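See below for target.cif, which holds mmCIF, C-alpha atoms.
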```
data_protein
#
loop_
_atom_site.group_PDB
_atom_site.id
_atom_site.type_symbol
_atom_site.label_atom_id
_atom_site.label_comp_id
_atom_site.auth_asym_id
_atom_site.auth_seq_id
_atom_site.Cartn_x
_atom_site.Cartn_y
_atom_site.Cartn_z
ATOM 1 C CA MET A 3 125.738 98.652 78.438
ATOM 2 C CA LYS A 4 125.932 94.914 79.012
ATOM 3 C CA ALA A 5 123.298 92.248 78.595
ATOM 4 C CA ILE A 6 122.847 88.497 78.411
ATOM 5 C CA VAL A 7 122.532 87.577 74.724
ATOM 6 C CA VAL A 8 121.420 84.275 73.155
ATOM 7 C CA SER A 9 122.839 83.832 69.647
ATOM 8 C CA SER A 10 121.862 80.164 69.248
ATOM 9 C CA HIS A 11 119.366 77.951 71.058
ATOM 10 C CA GLY A 12 120.664 75.446 73.585
ATOM 11 C CA GLY A 13 121.571 74.861 77.199
ATOM 12 C CA PRO A 14 122.553 77.416 79.834
ATOM 13 C CA GLU A 15 125.968 77.771 78.170
ATOM 14 C CA VAL A 16 124.435 79.813 75.318
ATOM 15 C CA LEU A 17 123.719 82.684 77.738
ATOM 16 C CA GLU A 18 126.540 85.117 76.912
ATOM 17 C CA TRP A 19 127.341 88.252 78.958
ATOM 18 C CA ARG A 20 128.483 90.893 76.486
ATOM 19 C CA ASP A 21 128.229 94.490 75.307
ATOM 20 C CA HIS A 22 124.809 95.340 73.895
ATOM 21 C CA GLU A 23 123.402 98.508 72.334
ATOM 22 C CA THR A 24 120.269 99.818 74.066
ATOM 23 C CA GLY A 25 119.290 102.847 72.016
ATOM 24 C CA GLU A 26 117.235 105.859 72.994
ATOM 25 C CA PRO A 27 113.499 105.764 73.682
ATOM 26 C CA GLY A 28 111.237 106.549 70.751
ATOM 27 C CA PRO A 29 107.663 107.836 70.877
ATOM 28 C CA GLY A 30 105.725 106.115 73.654
ATOM 29 C CA GLU A 31 108.850 104.478 75.106
ATOM 30 C CA VAL A 32 111.042 104.947 78.157
ATOM 31 C CA ARG A 33 114.533 103.816 79.049
ATOM 32 C CA ILE A 34 114.963 102.195 82.443
ATOM 33 C CA ARG A 35 117.973 101.175 84.510
ATOM 34 C CA HIS A 36 117.297 97.804 86.100
ATOM 35 C CA GLU A 37 117.681 97.330 89.818
ATOM 36 C CA ALA A 38 116.909 93.628 89.444
ATOM 37 C CA VAL A 39 115.510 91.115 86.945
ATOM 38 C CA GLY A 40 113.252 88.170 87.720
ATOM 39 C CA LEU A 41 114.080 84.555 86.817
ATOM 40 C CA ASN A 42 111.233 82.460 85.401
ATOM 41 C CA PHE A 43 110.861 79.123 83.645
ATOM 42 C CA ILE A 44 109.553 80.899 80.551
ATOM 43 C CA ASP A 45 113.124 82.234 80.163
ATOM 44 C CA VAL A 46 114.260 78.640 79.643
ATOM 45 C CA TYR A 47 111.586 78.095 76.987
ATOM 46 C CA PHE A 48 112.881 81.064 74.971
ATOM 47 C CA ARG A 49 116.524 80.049 75.479
ATOM 48 C CA THR A 50 115.922 76.531 74.163
ATOM 49 C CA GLY A 51 113.661 77.636 71.324
ATOM 50 C CA LEU A 52 110.564 75.876 72.695
ATOM 51 C CA TYR A 53 108.957 79.306 72.482
ATOM 52 C CA PRO A 54 109.997 81.247 69.365
ATOM 53 C CA ALA A 55 111.643 84.609 70.037
ATOM 54 C CA PRO A 56 109.411 87.473 68.783
ATOM 55 C CA ASN A 57 112.191 88.926 66.629
ATOM 56 C CA GLY A 58 114.356 85.851 66.165
ATOM 57 C CA LEU A 59 117.988 85.600 67.230
ATOM 58 C CA PRO A 60 120.057 87.111 68.724
ATOM 59 C CA LEU A 61 117.796 87.389 71.751
ATOM 60 C CA VAL A 62 118.010 89.147 75.111
ATOM 61 C CA PRO A 63 115.837 86.912 77.330
ATOM 62 C CA GLY A 64 113.839 87.789 80.410
ATOM 63 C CA ASN A 65 110.229 88.892 80.889
ATOM 64 C CA GLU A 66 110.284 90.569 84.291
ATOM 65 C CA GLY A 67 112.185 93.402 85.910
ATOM 66 C CA ALA A 68 112.105 96.561 88.007
ATOM 67 C CA GLY A 69 114.152 99.733 88.061
ATOM 68 C CA THR A 70 114.165 103.477 87.552
ATOM 69 C CA VAL A 71 113.150 105.564 84.551
ATOM 70 C CA ILE A 72 116.203 107.424 83.199
ATOM 71 C CA ALA A 73 114.856 108.784 79.879
ATOM 72 C CA VAL A 74 111.393 109.409 78.425
ATOM 73 C CA GLY A 75 110.360 109.379 74.774
ATOM 74 C CA GLU A 76 107.970 111.705 72.979
ATOM 75 C CA GLY A 77 104.357 111.530 74.089
ATOM 76 C CA VAL A 78 104.928 109.670 77.355
ATOM 77 C CA THR A 79 102.858 111.227 80.120
ATOM 78 C CA ARG A 80 102.377 108.368 82.607
ATOM 79 C CA PHE A 81 106.019 108.302 83.709
ATOM 80 C CA GLY A 82 108.904 110.675 84.313
ATOM 81 C CA LYS A 83 112.598 110.458 85.147
ATOM 82 C CA GLY A 84 113.183 108.928 88.548
ATOM 83 C CA ASP A 85 109.942 106.934 88.692
ATOM 84 C CA ARG A 86 110.212 103.468 90.206
ATOM 85 C CA VAL A 87 108.662 101.011 87.740
ATOM 86 C CA ALA A 88 108.199 97.298 87.125
ATOM 87 C CA TYR A 89 106.842 95.058 84.380
ATOM 88 C CA ALA A 90 106.098 91.540 83.201
ATOM 89 C CA GLY A 91 106.840 91.397 79.459
ATOM 90 C CA PRO A 92 107.887 92.113 76.793
ATOM 91 C CA ILE A 93 111.028 90.015 76.466
ATOM 92 C CA GLY A 94 114.417 91.688 76.920
ATOM 93 C CA ALA A 95 114.922 92.012 80.679
ATOM 94 C CA TYR A 96 118.384 90.426 81.040
ATOM 95 C CA ALA A 97 120.163 93.738 80.600
ATOM 96 C CA GLU A 98 121.616 96.539 82.703
ATOM 97 C CA GLU A 99 119.292 98.971 80.914
ATOM 98 C CA ARG A 100 116.522 98.637 78.352
ATOM 99 C CA VAL A 101 114.040 100.608 76.263
ATOM 100 C CA ILE A 102 110.439 99.514 76.740
ATOM 101 C CA ASP A 103 106.916 100.521 75.744
ATOM 102 C CA ALA A 104 105.643 102.755 78.552
ATOM 103 C CA GLU A 105 102.225 101.079 78.370
ATOM 104 C CA LYS A 106 103.796 97.853 79.674
ATOM 105 C CA LEU A 107 105.066 99.496 82.872
ATOM 106 C CA VAL A 108 103.418 100.102 86.227
ATOM 107 C CA LYS A 109 104.601 102.335 89.053
ATOM 108 C CA VAL A 110 105.887 100.525 92.128
ATOM 109 C CA PRO A 111 104.383 101.772 95.415
ATOM 110 C CA ASP A 112 106.866 103.329 97.835
ATOM 111 C CA GLY A 113 106.467 100.538 100.381
ATOM 112 C CA ILE A 114 107.617 97.786 97.999
ATOM 113 C CA ASP A 115 111.334 97.155 97.423
ATOM 114 C CA LEU A 116 112.441 97.081 93.776
ATOM 115 C CA ASP A 117 114.131 93.684 94.200
ATOM 116 C CA VAL A 118 110.815 92.306 95.450
ATOM 117 C CA ALA A 119 108.934 93.956 92.587
ATOM 118 C CA ALA A 120 111.391 92.548 90.036
ATOM 119 C CA GLY A 121 110.857 89.029 91.309
ATOM 120 C CA MET A 122 107.111 89.066 91.813
ATOM 121 C CA MET A 123 105.460 90.776 88.837
ATOM 122 C CA LEU A 124 105.211 87.843 86.429
ATOM 123 C CA LYS A 125 104.712 85.256 89.166
ATOM 124 C CA GLY A 126 102.363 87.367 91.259
ATOM 125 C CA MET A 127 100.148 88.487 88.394
ATOM 126 C CA THR A 128 100.083 84.872 87.198
ATOM 127 C CA ALA A 129 98.759 83.871 90.626
ATOM 128 C CA GLU A 130 96.222 86.721 90.414
ATOM 129 C CA TYR A 131 94.726 85.736 87.084
ATOM 130 C CA LEU A 132 94.687 82.019 87.938
ATOM 131 C CA LEU A 133 92.993 82.447 91.318
ATOM 132 C CA CYS A 134 90.771 85.413 90.539
ATOM 133 C CA ARG A 135 89.858 85.035 86.871
ATOM 134 C CA THR A 136 90.683 81.634 85.289
ATOM 135 C CA HIS A 137 88.838 80.026 88.205
ATOM 136 C CA LYS A 138 87.564 82.494 90.775
ATOM 137 C CA VAL A 139 88.486 80.807 94.041
ATOM 138 C CA GLU A 140 85.713 81.063 96.632
ATOM 139 C CA PRO A 141 85.538 80.119 100.316
ATOM 140 C CA GLY A 142 85.011 76.373 100.535
ATOM 141 C CA ASP A 143 86.800 75.531 97.280
ATOM 142 C CA THR A 144 89.464 72.843 97.285
ATOM 143 C CA ILE A 145 92.343 73.382 94.853
ATOM 144 C CA LEU A 146 95.461 71.484 93.781
ATOM 145 C CA PHE A 147 98.566 73.449 92.841
ATOM 146 C CA HIS A 148 101.521 71.630 91.319
ATOM 147 C CA ALA A 149 105.064 72.944 91.963
ATOM 148 C CA ALA A 150 103.866 74.423 95.241
ATOM 149 C CA ALA A 151 107.373 75.517 96.294
ATOM 150 C CA GLY A 152 108.050 77.353 93.049
ATOM 151 C CA GLY A 153 107.800 81.075 92.481
ATOM 152 C CA VAL A 154 104.131 81.086 91.488
ATOM 153 C CA GLY A 155 103.292 78.293 93.899
ATOM 154 C CA LEU A 156 104.444 80.051 97.065
ATOM 155 C CA ILE A 157 102.495 83.183 96.171
ATOM 156 C CA ALA A 158 99.402 81.227 95.131
ATOM 157 C CA GLY A 159 99.384 79.144 98.316
ATOM 158 C CA GLN A 160 99.206 82.223 100.537
ATOM 159 C CA TRP A 161 96.698 84.009 98.316
ATOM 160 C CA ALA A 162 94.369 81.014 97.904
ATOM 161 C CA LYS A 163 94.373 80.398 101.653
ATOM 162 C CA ALA A 164 93.392 84.022 102.239
ATOM 163 C CA LEU A 165 90.512 83.528 99.775
ATOM 164 C CA GLY A 166 89.168 80.728 101.966
ATOM 165 C CA ALA A 167 90.192 77.668 99.971
ATOM 166 C CA THR A 168 91.543 74.342 101.137
ATOM 167 C CA VAL A 169 94.914 74.300 99.406
ATOM 168 C CA ILE A 170 96.723 71.126 98.330
ATOM 169 C CA GLY A 171 100.192 71.308 96.779
ATOM 170 C CA THR A 172 102.706 68.935 95.229
ATOM 171 C CA VAL A 173 106.482 69.207 95.626
ATOM 172 C CA GLY A 174 109.580 67.144 94.864
ATOM 173 C CA SER A 175 111.401 66.999 98.203
ATOM 174 C CA ALA A 176 110.912 67.065 101.969
ATOM 175 C CA GLU A 177 112.566 70.489 102.169
ATOM 176 C CA LYS A 178 110.163 71.902 99.582
ATOM 177 C CA ALA A 179 107.253 70.323 101.461
ATOM 178 C CA GLU A 180 108.208 72.282 104.577
ATOM 179 C CA LEU A 181 108.443 75.487 102.564
ATOM 180 C CA ALA A 182 105.022 74.967 100.975
ATOM 181 C CA ALA A 183 103.444 74.172 104.337
ATOM 182 C CA ALA A 184 104.746 77.484 105.668
ATOM 183 C CA ASN A 185 103.138 79.335 102.751
ATOM 184 C CA GLY A 186 99.453 78.525 102.964
ATOM 185 C CA TYR A 187 99.223 74.880 101.911
ATOM 186 C CA ASP A 188 96.941 72.742 104.083
ATOM 187 C CA HIS A 189 98.206 69.499 102.564
ATOM 188 C CA VAL A 190 101.545 68.948 100.811
ATOM 189 C CA ILE A 191 102.256 65.857 98.711
ATOM 190 C CA ASN A 192 105.800 64.773 97.845
ATOM 191 C CA TYR A 193 105.203 63.251 94.421
ATOM 192 C CA ARG A 194 108.581 61.469 94.561
ATOM 193 C CA THR A 195 107.438 59.308 97.469
ATOM 194 C CA GLU A 196 103.628 59.398 97.146
ATOM 195 C CA ASP A 197 100.999 58.859 94.463
ATOM 196 C CA PHE A 198 99.563 62.365 94.224
ATOM 197 C CA VAL A 199 96.295 61.172 92.655
ATOM 198 C CA ALA A 200 95.641 58.693 95.451
ATOM 199 C CA ARG A 201 96.544 61.271 98.115
ATOM 200 C CA VAL A 202 94.209 63.877 96.604
ATOM 201 C CA LYS A 203 91.375 61.351 96.543
ATOM 202 C CA ASP A 204 92.130 60.507 100.184
ATOM 203 C CA ILE A 205 92.248 64.151 101.279
ATOM 204 C CA THR A 206 88.984 64.987 99.478
ATOM 205 C CA LYS A 207 87.274 61.740 100.534
ATOM 206 C CA GLY A 208 86.923 60.723 96.913
ATOM 207 C CA LYS A 209 85.249 63.917 95.714
ATOM 208 C CA GLY A 210 88.220 65.471 93.903
ATOM 209 C CA VAL A 211 89.235 69.122 93.731
ATOM 210 C CA ASP A 212 87.472 72.025 92.041
ATOM 211 C CA VAL A 213 90.513 73.086 90.021
ATOM 212 C CA VAL A 214 94.039 71.877 89.286
ATOM 213 C CA TYR A 215 96.634 74.540 88.519
ATOM 214 C CA ASP A 216 99.359 72.769 86.570
ATOM 215 C CA SER A 217 102.639 74.296 85.381
ATOM 216 C CA VAL A 218 104.443 70.943 85.152
ATOM 217 C CA GLY A 219 102.766 69.455 82.071
ATOM 218 C CA LYS A 220 104.027 66.133 80.779
ATOM 219 C CA ASP A 221 104.826 64.496 84.149
ATOM 220 C CA THR A 222 101.472 65.383 85.740
ATOM 221 C CA PHE A 223 99.231 64.470 82.801
ATOM 222 C CA PRO A 224 96.770 62.772 82.845
ATOM 223 C CA GLY A 225 97.019 62.417 86.624
ATOM 224 C CA SER A 226 95.854 65.988 87.080
ATOM 225 C CA LEU A 227 92.559 65.120 85.391
ATOM 226 C CA ASP A 228 92.030 62.234 87.806
ATOM 227 C CA CYS A 229 92.232 64.650 90.739
ATOM 228 C CA LEU A 230 89.243 66.712 89.586
ATOM 229 C CA ARG A 231 85.623 66.505 90.639
ATOM 230 C CA PRO A 232 83.055 66.148 87.845
ATOM 231 C CA ARG A 233 82.969 69.375 85.783
ATOM 232 C CA GLY A 234 86.196 70.532 87.435
ATOM 233 C CA LEU A 235 88.770 72.694 85.675
ATOM 234 C CA TRP A 236 92.301 71.768 84.633
ATOM 235 C CA ALA A 237 94.304 74.971 84.114
ATOM 236 C CA CYS A 238 97.610 74.008 82.497
ATOM 237 C CA PHE A 239 99.669 77.200 82.508
ATOM 238 C CA GLY A 240 103.148 75.758 81.930
ATOM 239 C CA GLN A 241 105.170 72.693 80.969
ATOM 240 C CA SER A 242 108.357 72.586 83.022
ATOM 241 C CA SER A 243 108.653 68.808 82.526
ATOM 242 C CA GLY A 244 108.005 69.012 78.786
ATOM 243 C CA PRO A 245 105.032 69.550 76.475
ATOM 244 C CA ILE A 246 101.957 67.354 76.741
ATOM 245 C CA GLU A 247 101.442 65.051 73.779
ATOM 246 C CA PRO A 248 98.280 65.593 71.719
ATOM 247 C CA PHE A 249 95.330 63.793 73.280
ATOM 248 C CA ASN A 250 91.760 62.882 72.366
ATOM 249 C CA MET A 251 89.318 65.430 73.801
ATOM 250 C CA SER A 252 86.942 62.603 74.715
ATOM 251 C CA ILE A 253 89.159 61.927 77.734
ATOM 252 C CA LEU A 254 87.562 65.011 79.316
ATOM 253 C CA ALA A 255 84.135 63.425 78.967
ATOM 254 C CA GLN A 256 85.317 60.064 80.273
ATOM 255 C CA LYS A 257 86.787 61.617 83.399
ATOM 256 C CA GLY A 258 83.750 63.672 84.364
ATOM 257 C CA SER A 259 82.803 66.298 81.739
ATOM 258 C CA LEU A 260 85.911 68.262 82.651
ATOM 259 C CA PHE A 261 86.967 71.704 81.498
ATOM 260 C CA ALA A 262 90.509 72.403 80.292
ATOM 261 C CA THR A 263 92.327 75.643 79.521
ATOM 262 C CA ARG A 264 95.846 76.652 78.523
ATOM 263 C CA PRO A 265 96.033 80.242 79.801
ATOM 264 C CA THR A 266 98.928 82.681 79.658
ATOM 265 C CA LEU A 267 99.525 85.848 81.645
ATOM 266 C CA PHE A 268 100.138 87.963 78.571
ATOM 267 C CA THR A 269 96.563 87.422 77.370
ATOM 268 C CA TYR A 270 95.172 88.330 80.781
ATOM 269 C CA ILE A 271 97.135 91.616 80.971
ATOM 270 C CA ALA A 272 96.965 92.549 77.282
ATOM 271 C CA SER A 273 94.862 95.659 77.884
ATOM 272 C CA ARG A 274 96.018 98.574 80.033
ATOM 273 C CA PRO A 275 93.010 98.312 82.401
ATOM 274 C CA ASP A 276 93.632 94.576 82.933
ATOM 275 C CA LEU A 277 97.353 95.187 83.537
ATOM 276 C CA GLU A 278 96.680 97.888 86.110
ATOM 277 C CA ALA A 279 93.967 95.879 87.852
ATOM 278 C CA SER A 280 96.190 92.800 88.111
ATOM 279 C CA ALA A 281 99.239 94.739 89.315
ATOM 280 C CA ASN A 282 97.195 96.712 91.840
ATOM 281 C CA ALA A 283 95.637 93.519 93.230
ATOM 282 C CA LEU A 284 99.131 92.087 93.660
ATOM 283 C CA PHE A 285 100.522 95.263 95.252
ATOM 284 C CA ASP A 286 97.547 95.301 97.631
ATOM 285 C CA VAL A 287 97.942 91.766 98.987
ATOM 286 C CA VAL A 288 101.705 92.281 99.384
ATOM 287 C CA ALA A 289 101.338 95.693 101.058
ATOM 288 C CA ARG A 290 98.760 94.271 103.496
ATOM 289 C CA GLY A 291 101.009 91.331 104.331
ATOM 290 C CA THR A 292 98.491 88.786 103.028
ATOM 291 C CA VAL A 293 101.177 87.529 100.652
ATOM 292 C CA LYS A 294 104.818 87.687 101.705
ATOM 293 C CA ILE A 295 107.454 87.637 98.976
ATOM 294 C CA GLY A 296 110.732 86.052 100.035
ATOM 295 C CA ILE A 297 113.698 86.289 97.685
ATOM 296 C CA ASN A 298 115.265 82.870 98.165
ATOM 297 C CA GLN A 299 118.113 83.192 95.623
ATOM 298 C CA ARG A 300 120.134 86.084 94.212
ATOM 299 C CA TYR A 301 122.622 85.786 91.344
ATOM 300 C CA ARG A 302 124.639 88.317 89.419
ATOM 301 C CA LEU A 303 123.024 88.891 86.028
ATOM 302 C CA ALA A 304 126.386 87.930 84.500
ATOM 303 C CA ASP A 305 125.897 84.495 86.141
ATOM 304 C CA ALA A 306 122.537 83.854 84.477
ATOM 305 C CA ALA A 307 123.812 80.532 83.080
ATOM 306 C CA GLN A 308 124.283 79.179 86.599
ATOM 307 C CA ALA A 309 120.868 80.471 87.609
ATOM 308 C CA HIS A 310 119.279 78.651 84.650
ATOM 309 C CA ALA A 311 121.146 75.436 85.483
ATOM 310 C CA ASP A 312 119.925 75.610 89.083
ATOM 311 C CA LEU A 313 116.369 76.378 88.006
ATOM 312 C CA GLU A 314 116.236 73.447 85.605
ATOM 313 C CA GLY A 315 117.895 71.227 88.193
ATOM 314 C CA ARG A 316 115.081 72.032 90.640
ATOM 315 C CA LYS A 317 117.597 73.573 93.052
ATOM 316 C CA THR A 318 115.720 76.857 93.442
ATOM 317 C CA THR A 319 112.585 77.667 95.435
ATOM 318 C CA GLY A 320 110.267 80.643 95.360
ATOM 319 C CA VAL A 321 111.522 83.918 93.950
ATOM 320 C CA THR A 322 114.950 84.330 92.317
ATOM 321 C CA VAL A 323 116.372 87.636 91.099
ATOM 322 C CA LEU A 324 119.340 88.482 88.915
ATOM 323 C CA LYS A 325 121.299 91.601 89.855
ATOM 324 C CA PRO A 326 122.953 93.693 87.112
#
```

As structure tokens - that is how I would like this structure written.
Amino acid sequence: MKAIVVSSHGGPEVLEWRDHETGEPGPGEVRIRHEAVGLNFIDVYFRTGLYPAPNGLPLVPGNEGAGTVIAVGEGVTRFGKGDRVAYAGPIGAYAEERVIDAEKLVKVPDGIDLDVAAGMMLKGMTAEYLLCRTHKVEPGDTILFHAAAGGVGLIAGQWAKALGATVIGTVGSAEKAELAAANGYDHVINYRTEDFVARVKDITKGKGVDVVYDSVGKDTFPGSLDCLRPRGLWACFGQSSGPIEPFNMSILAQKGSLFATRPTLFTYIASRPDLEASANALFDVVARGTVKIGINQRYRLADAAQAHADLEGRKTTGVTVLKP
């Protein structure tokens, strides 16, 4: 079996395609053969060492995938050989096959392609918890979503629009602006040519938005806070531009008694009921056509280094999958 292995932290060049031992499933585990693996910015964080690997190095990266169950360990009753399954976490997806805790898997409905499932689980369930639980978006809300043309952004734009919100997004190019506009965004701001804070104030007639969903981090702080209405929520769920420097909490008071949170998907799906509820909500909106998942890039898993370089170079949009 082959996998992408990281033996030392660094750039995309440390992603090595090599033989890797999988092992047999133990109690409560299953072995799956991947049909596809999702690409996410969190993979970069683990590759560079920004996020510490759970078991140190060497590391098989990747937190999202879909495939078929090929072996079942003792005590597993939820799944059997041949079941179509998908997951978001734990780490170890960049492999032809893997052994995984059965409690982390969900069954993929027959109407959803495994490539689509592989590319949407982490991003789609992230959109679910942000829009439905971190801040429950209601009709009449106005939201700002940074990186609107990214994997989470394209899903969130469609979903938030269906929930009745006015949806504002930021992007880094004219091409990405067109893509975001076709995926639910009422207003799209190109932050390379416009001041996004001023544009948000203009769009909202000075009131500000109810919530800012921010996966960019350093480059959008503290501007994101200036886009919020009094008592609005800043949900910083990523840091693609780099970590935010420590700041004095009094800035939240100065800018309108604001709320701030640093959520992560893995907290929101830590329990089996929460995982199933989140996955089922995602499967439902995709099956109904409320949210359409387009796979905009496909790479061979062996070419993961190129995929990472393109991701960090902002050359990708939407969902990207790696094919074993």

Closest of A:Asp117, A:Asp305, A:Asp221, A:Glu180 to A:Tyr193 - atom-to-atom distances counting only C-alpha atoms: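 Of the candidates, the smallest distance to A:Tyr193 is held by A:Asp221.
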
Ground truth for the PyMOL selection byres ((chain A and resi 307) around 10), written as a ChimeraX atom specification: /A:6,13-19,301,303-306,308-313

Option closest in space to A:Thr222, from A:Arg194, A:Arg274, A:Lys207, A:His11 [counting all atoms listed in the file]: A:Arg194

Would you compute an axis-aligned box for stretch 163-171 of chain A, covering every atom listed for it in the file with 6 Å of margin on each side, and report centre and edge lengths in Å to one decimal as AutoDock Vina command-line options?
```
--center_x 94.7 --center_y 77.6 --center_z 99.5 --size_x 23.0 --size_y 24.9 --size_z 17.5
```

Residue nearest A:Ser273 - candidates A:Leu165, A:Ile157, A:Leu132, A:Leu107, atoms counted: all atoms listed in the file: A:Leu107

For stretch 67-84 of chain A: contacts at 8 Å, all atoms listed in the file, fewer than 6 positions along chain excluded, given as a VMD selection string: chain A and resid 26 to 40 90 95 104 116 to 117 119 to 121 123

Residues matched by the PyMOL selection byres ((chain A and resi 262-267) around 7), written as a list of chain:residue names: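 Selected by the PyMOL selection byres ((chain A and resi 262-267) around 7) in this file: A:Thr128, A:Leu235, A:Trp236, A:Ala237, A:Cys238, A:Phe239, A:Leu260, A:Phe261, A:Phe268, A:Thr269, A:Tyr270, A:Ile271.
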
Shortest interatomic distance to A:Gly155 - which of A:Gly94, A:Gly210, A:Gly186, A:Gly51, counting only C-alpha atoms: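 When distances to A:Gly155 are compared using only C-alpha atoms, the smallest one comes from A:Gly186.
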
Of the listed residues A:Val293, A:Ala167, A:Ile253, A:Val173, that which approaches A:Asn185 most closely, counting all atoms listed in the file: A:Val293

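Nearest to A:Gly219 of all the residues A:Arg316, A:His148, A:Lys4, A:Lys325 is A:His148, counting all atoms listed in the file.
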
Distance query A:Leu133 at most 9 Å, all atoms listed in the file, self and fewer than 6 positions along chain excluded, as JSON, numbers by chain: {"A": [139, 158, 161, 162, 165]}

Please return as an mmCIF file with C-alpha atoms, keeping the file's coordinate frame every residue within 12 Å of (96.6, 93.7, 93.6), taking into account all atoms listed in the file and the file's own coordinates.
```cif
data_model
loop_
_atom_site.group_PDB
_atom_site.id
_atom_site.type_symbol
_atom_site.label_atom_id
_atom_site.label_comp_id
_atom_site.auth_asym_id
_atom_site.auth_seq_id
_atom_site.Cartn_x
_atom_site.Cartn_y
_atom_site.Cartn_z
ATOM 1 C CA VAL A 108 103.418 100.102 86.227
ATOM 2 C CA VAL A 110 105.887 100.525 92.128
ATOM 3 C CA PRO A 111 104.383 101.772 95.415
ATOM 4 C CA MET A 122 107.111 89.066 91.813
ATOM 5 C CA MET A 123 105.460 90.776 88.837
ATOM 6 C CA GLY A 126 102.363 87.367 91.259
ATOM 7 C CA MET A 127 100.148 88.487 88.394
ATOM 8 C CA THR A 128 100.083 84.872 87.198
ATOM 9 C CA ALA A 129 98.759 83.871 90.626
ATOM 10 C CA GLU A 130 96.222 86.721 90.414
ATOM 11 C CA TYR A 131 94.726 85.736 87.084
ATOM 12 C CA CYS A 134 90.771 85.413 90.539
ATOM 13 C CA TRP A 161 96.698 84.009 98.316
ATOM 14 C CA ASP A 276 93.632 94.576 82.933
ATOM 15 C CA LEU A 277 97.353 95.187 83.537
ATOM 16 C CA GLU A 278 96.680 97.888 86.110
ATOM 17 C CA ALA A 279 93.967 95.879 87.852
ATOM 18 C CA SER A 280 96.190 92.800 88.111
ATOM 19 C CA ALA A 281 99.239 94.739 89.315
ATOM 20 C CA ASN A 282 97.195 96.712 91.840
ATOM 21 C CA ALA A 283 95.637 93.519 93.230
ATOM 22 C CA LEU A 284 99.131 92.087 93.660
ATOM 23 C CA PHE A 285 100.522 95.263 95.252
ATOM 24 C CA ASP A 286 97.547 95.301 97.631
ATOM 25 C CA VAL A 287 97.942 91.766 98.987
ATOM 26 C CA VAL A 288 101.705 92.281 99.384
ATOM 27 C CA ALA A 289 101.338 95.693 101.058
ATOM 28 C CA ARG A 290 98.760 94.271 103.496
ATOM 29 C CA GLY A 291 101.009 91.331 104.331
ATOM 30 C CA THR A 292 98.491 88.786 103.028
ATOM 31 C CA VAL A 293 101.177 87.529 100.652
#
```

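With atom CA of A:Thr319 on one side and atom CA of A:Gly240 on the other, the separation reads 16.6 Å.
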
Hits from the PyMOL selection byres ((chain A and resi 45) around 10), listed as JSON, numbers by chain: {"A": [40, 41, 42, 43, 44, 46, 47, 48, 49, 50, 51, 53, 62, 63, 64, 65, 66, 93, 95, 96, 310]}

Can I get the selected residues back with C-alpha atoms, as a JSON list (two decimals), in the frame of the given file?
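Saved the output as out_32.json:
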```
[["chain", "number", "residue", "atom", "x", "y", "z"],
["A", 40, "GLY", "CA", 113.25, 88.17, 87.72],
["A", 41, "LEU", "CA", 114.08, 84.56, 86.82],
["A", 42, "ASN", "CA", 111.23, 82.46, 85.40],
["A", 43, "PHE", "CA", 110.86, 79.12, 83.64],
["A", 44, "ILE", "CA", 109.55, 80.90, 80.55],
["A", 46, "VAL", "CA", 114.26, 78.64, 79.64],
["A", 47, "TYR", "CA", 111.59, 78.10, 76.99],
["A", 48, "PHE", "CA", 112.88, 81.06, 74.97],
["A", 49, "ARG", "CA", 116.52, 80.05, 75.48],
["A", 50, "THR", "CA", 115.92, 76.53, 74.16],
["A", 51, "GLY", "CA", 113.66, 77.64, 71.32],
["A", 53, "TYR", "CA", 108.96, 79.31, 72.48],
["A", 62, "VAL", "CA", 118.01, 89.15, 75.11],
["A", 63, "PRO", "CA", 115.84, 86.91, 77.33],
["A", 64, "GLY", "CA", 113.84, 87.79, 80.41],
["A", 65, "ASN", "CA", 110.23, 88.89, 80.89],
["A", 66, "GLU", "CA", 110.28, 90.57, 84.29],
["A", 93, "ILE", "CA", 111.03, 90.02, 76.47],
["A", 95, "ALA", "CA", 114.92, 92.01, 80.68],
["A", 96, "TYR", "CA", 118.38, 90.43, 81.04],
["A", 310, "HIS", "CA", 119.28, 78.65, 84.65]]
```

Distance in Å - atom CA of A:Ser175 versus atom CA of A:Arg300: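 It comes out at 21.4 Å.
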
Point-to-point distance in Å for atom CA of A:Pro248 and atom CA of A:Thr144: 28.0 Å

Local residues around (110.5, 76.7, 91.9), at most 6 Å away, using only C-alpha atoms, as a PyMOL selection string: chain A and resi 151-153+318-320

Repaired coordinates for stretch 269-274 of chain A (N, CA and C atoms) as a compact mmCIF listing (two decimals), in the coordinates of the input:
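Okay, this is what ended up in part24.txt:
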```txt
# COMPACT_ATOMS: atom_id res chain seq x y z
N THR A 269 97.93 87.20 77.83
CA THR A 269 96.56 87.42 77.37
C THR A 269 95.75 88.15 78.43
N TYR A 270 95.96 87.78 79.68
CA TYR A 270 95.17 88.33 80.78
C TYR A 270 95.55 89.77 81.13
N ILE A 271 96.74 90.23 80.70
CA ILE A 271 97.14 91.62 80.97
C ILE A 271 97.37 92.38 79.67
N ALA A 272 96.72 91.94 78.59
CA ALA A 272 96.96 92.55 77.28
C ALA A 272 96.47 93.99 77.21
N SER A 273 95.38 94.29 77.90
CA SER A 273 94.86 95.66 77.88
C SER A 273 95.41 96.43 79.08
N ARG A 274 95.52 97.75 78.93
CA ARG A 274 96.02 98.57 80.03
C ARG A 274 95.15 98.45 81.29
```
